[in-house]
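Inspection log for the structure reproduced underneath, given as structure tokens.
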Amino acid sequence: MKDLRSAAPPTLREDDHVRGDPGGELVVFYADFTCPRCAVAHDRLTAAGAHVAFRHMALRAKDERALPTACAAEAAAAQGAFWAFADALYADQGHLDDPHLWARARALGLDIDGFDRDRRSPPVAARVQRDTRAALAAGATTTPMLFAGGAVHPGVPDGDYLARLGYDDPVRIPKTS
């Protein structure tokens with residue numbers, strides 16, 4: 001893959017959404033909630049227990065719901081529910097319009113007025129735009145795009161990639177004796 005970076009590979013930021021084994025290799029995961037491949041990558045990284053920092057790569061040209069959905073996730077983050085909201089979005093990508101976003105927020109016990117206000121706020125839009133610009137500057141050309149150990153990996157992580165990072169392959173089929 002040709003190196004298209006205009007910036008250094010990403011490192012952990014104080015405001016990143018992080019989960020997984022903090023003793024494992026950090027994976028900076030640029031993704032879009034409307035991307036089916038991102039949902040598969042999310043599931044594999046989660047199942048592997050990977051140490052993941054999520055960042056948005058929300059391009060309106062790719063899907064008109066990319067930006068509003070990313071802003072909704074940031075609004076959920078303002079109430080401490082980023083990962084629960086992200087999990088819910090990836091679990092049901094067929095329902096990303098506003099009524100379904102509000103239903104997810106209600107199901108998570110979020111303050112709906114605060115959620116709606118935050119998702120439409122300039123600081124939330126700026127956060128999503130900053131992540132997206134950083135993804136492009138780091139050389140991201142598609143979603144999902146993973147950065148770990150100074151290297152870039154476009155697409156869904158396979159078992160070999162996870163093993164190189166020190167994680168077990170969550171979909172490996174056990175061998176029979």
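Labels for the structure tokens follow display order: chains A, B, ..., residues from 1 in each chain, ligands from 1.
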Q: Give me every helix (DSSP H, G or I) residue in range 10-94 of chain A, going by DSSP on the backbone, as a VMD selection string.
A: chain A and resid 36 to 48 66 to 77 82 to 91
Where does range 106-165 of chain A meet range 87-102 of chain A within 12 Å, residue by residue, with the nearest atom pair and distance in Å to one decimal for each, counting only C-alpha atoms, listed by chain and rising number, as a tab-separated table?
residue	atom	partner	partner_atom	distance
A:Arg106	CA	A:Trp102	CA	6.1
A:Ala107	CA	A:Trp102	CA	8.5
A:Leu108	CA	A:Ala88	CA	9.6
A:Gly109	CA	A:Trp102	CA	10.5
A:Leu110	CA	A:Trp102	CA	9.2
A:Asp111	CA	A:Trp102	CA	9.9
A:Ile112	CA	A:Trp102	CA	6.9
A:Asp113	CA	A:Trp102	CA	9.8
A:Gly114	CA	A:Trp102	CA	11.1
A:Phe115	CA	A:Trp102	CA	8.3
A:Asp116	CA	A:Trp102	CA	8.1
A:Arg117	CA	A:Trp102	CA	11.8
A:Arg119	CA	A:Leu101	CA	10.5
A:Arg120	CA	A:Asp98	CA	11.8
Q) Could you pull the residues within 7 Å of range 30-45 of chain A, counting only C-alpha atoms, minus those fewer than 3 positions along the same chain, as number ranges by chain? A) A: 48-50, 54-58, 63, 65-66, 69-70, 89-90, 93, 135, 143-146, 156-157, 170
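Relative to CA of Pro10 in chain A, CA of Ala126 in chain A is found at 18.1 Å.
Taking CA of Ala53 in chain A as the reference point, CA of Val28 in chain A is found at 4.8 Å.
Proximity of A:Leu59, A:Val124, A:Ala47, A:Ala151 to Ala78 in chain A, computed with only C-alpha atoms, is greatest for A:Val124.
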Q: Extract, using only C-alpha atoms, all DNA, RNA and protein residues at most 12 Å from Arg127 in chain A, discarding same-chain residues fewer than 2 positions from it, and format them as number ranges by chain.
A: A: 15-17, 55-58, 67, 70-75, 77-78, 118-125, 129-134
Would you output that residue set with C-alpha atoms, as an mmCIF file, in the first residue's frame?
data_model
loop_
_atom_site.group_PDB
_atom_site.id
_atom_site.type_symbol
_atom_site.label_atom_id
_atom_site.label_comp_id
_atom_site.auth_asym_id
_atom_site.auth_seq_id
_atom_site.Cartn_x
_atom_site.Cartn_y
_atom_site.Cartn_z
ATOM 1 C CA ASP A 15 -9.872 12.649 24.754
ATOM 2 C CA ASP A 16 -9.847 9.389 22.759
ATOM 3 C CA HIS A 17 -12.553 6.813 23.398
ATOM 4 C CA ARG A 55 -11.796 7.891 16.091
ATOM 5 C CA HIS A 56 -14.301 9.061 13.523
ATOM 6 C CA MET A 57 -13.788 9.020 9.788
ATOM 7 C CA ALA A 58 -17.217 10.338 8.916
ATOM 8 C CA LEU A 67 -21.771 12.791 10.220
ATOM 9 C CA ALA A 70 -20.872 10.276 14.583
ATOM 10 C CA CYS A 71 -22.208 13.405 16.315
ATOM 11 C CA ALA A 72 -24.821 11.296 18.112
ATOM 12 C CA ALA A 73 -22.067 8.998 19.407
ATOM 13 C CA GLU A 74 -20.177 12.037 20.699
ATOM 14 C CA ALA A 75 -23.355 13.279 22.376
ATOM 15 C CA ALA A 77 -19.977 10.227 25.090
ATOM 16 C CA ALA A 78 -20.789 13.505 26.845
ATOM 17 C CA ASP A 118 -25.026 18.037 22.312
ATOM 18 C CA ARG A 119 -25.288 16.168 19.024
ATOM 19 C CA ARG A 120 -26.155 19.428 17.264
ATOM 20 C CA SER A 121 -23.487 21.504 19.032
ATOM 21 C CA PRO A 122 -20.485 23.112 17.300
ATOM 22 C CA PRO A 123 -17.952 21.467 19.674
ATOM 23 C CA VAL A 124 -19.262 17.988 18.808
ATOM 24 C CA ALA A 125 -19.162 18.706 15.071
ATOM 25 C CA GLN A 129 -14.253 16.911 11.836
ATOM 26 C CA ARG A 130 -10.918 16.914 13.706
ATOM 27 C CA ASP A 131 -10.889 13.116 13.815
ATOM 28 C CA THR A 132 -11.769 12.871 10.127
ATOM 29 C CA ARG A 133 -9.081 15.368 9.096
ATOM 30 C CA ALA A 134 -6.525 13.532 11.234
#
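Among the candidate residues A:Arg13, A:Thr46, A:Arg104, A:Phe29, the one lying nearest to Gly155 in chain A is A:Phe29, with distances computed using only C-alpha atoms.
Looking only at range 16-94 of chain A, the set that DSSP places in strand (DSSP E) from backbone geometry is His17, Val18, Arg19, Leu26, Val27, Val28, Phe29, Tyr30, Ala31, His51, Val52, Ala53, Phe54, Arg55 and His56 of chain A.
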Could you take the residues named above and write them with C-alpha atoms, as a PDB file, in the first residue's frame?
ATOM      1  CA  HIS A  17     -12.553   6.813  23.398  1.00  0.00           C
ATOM      2  CA  VAL A  18     -10.490   3.872  24.663  1.00  0.00           C
ATOM      3  CA  ARG A  19     -11.335   0.372  25.823  1.00  0.00           C
ATOM      4  CA  LEU A  26      -2.899   0.117  21.081  1.00  0.00           C
ATOM      5  CA  VAL A  27      -4.977   0.084  17.896  1.00  0.00           C
ATOM      6  CA  VAL A  28      -6.171   3.473  16.665  1.00  0.00           C
ATOM      7  CA  PHE A  29      -9.383   2.582  14.833  1.00  0.00           C
ATOM      8  CA  TYR A  30     -10.700   5.116  12.314  1.00  0.00           C
ATOM      9  CA  ALA A  31     -14.243   4.161  11.440  1.00  0.00           C
ATOM     10  CA  HIS A  51      -6.803  -2.005  23.330  1.00  0.00           C
ATOM     11  CA  VAL A  52      -8.687   0.309  20.963  1.00  0.00           C
ATOM     12  CA  ALA A  53      -8.862   4.072  20.563  1.00  0.00           C
ATOM     13  CA  PHE A  54     -11.879   4.888  18.388  1.00  0.00           C
ATOM     14  CA  ARG A  55     -11.796   7.891  16.091  1.00  0.00           C
ATOM     15  CA  HIS A  56     -14.301   9.061  13.523  1.00  0.00           C
TER      16      HIS A  56
END
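Across the model, the gap from CA of Gly80 in chain A to CA of Leu162 in chain A is 28.0 Å.
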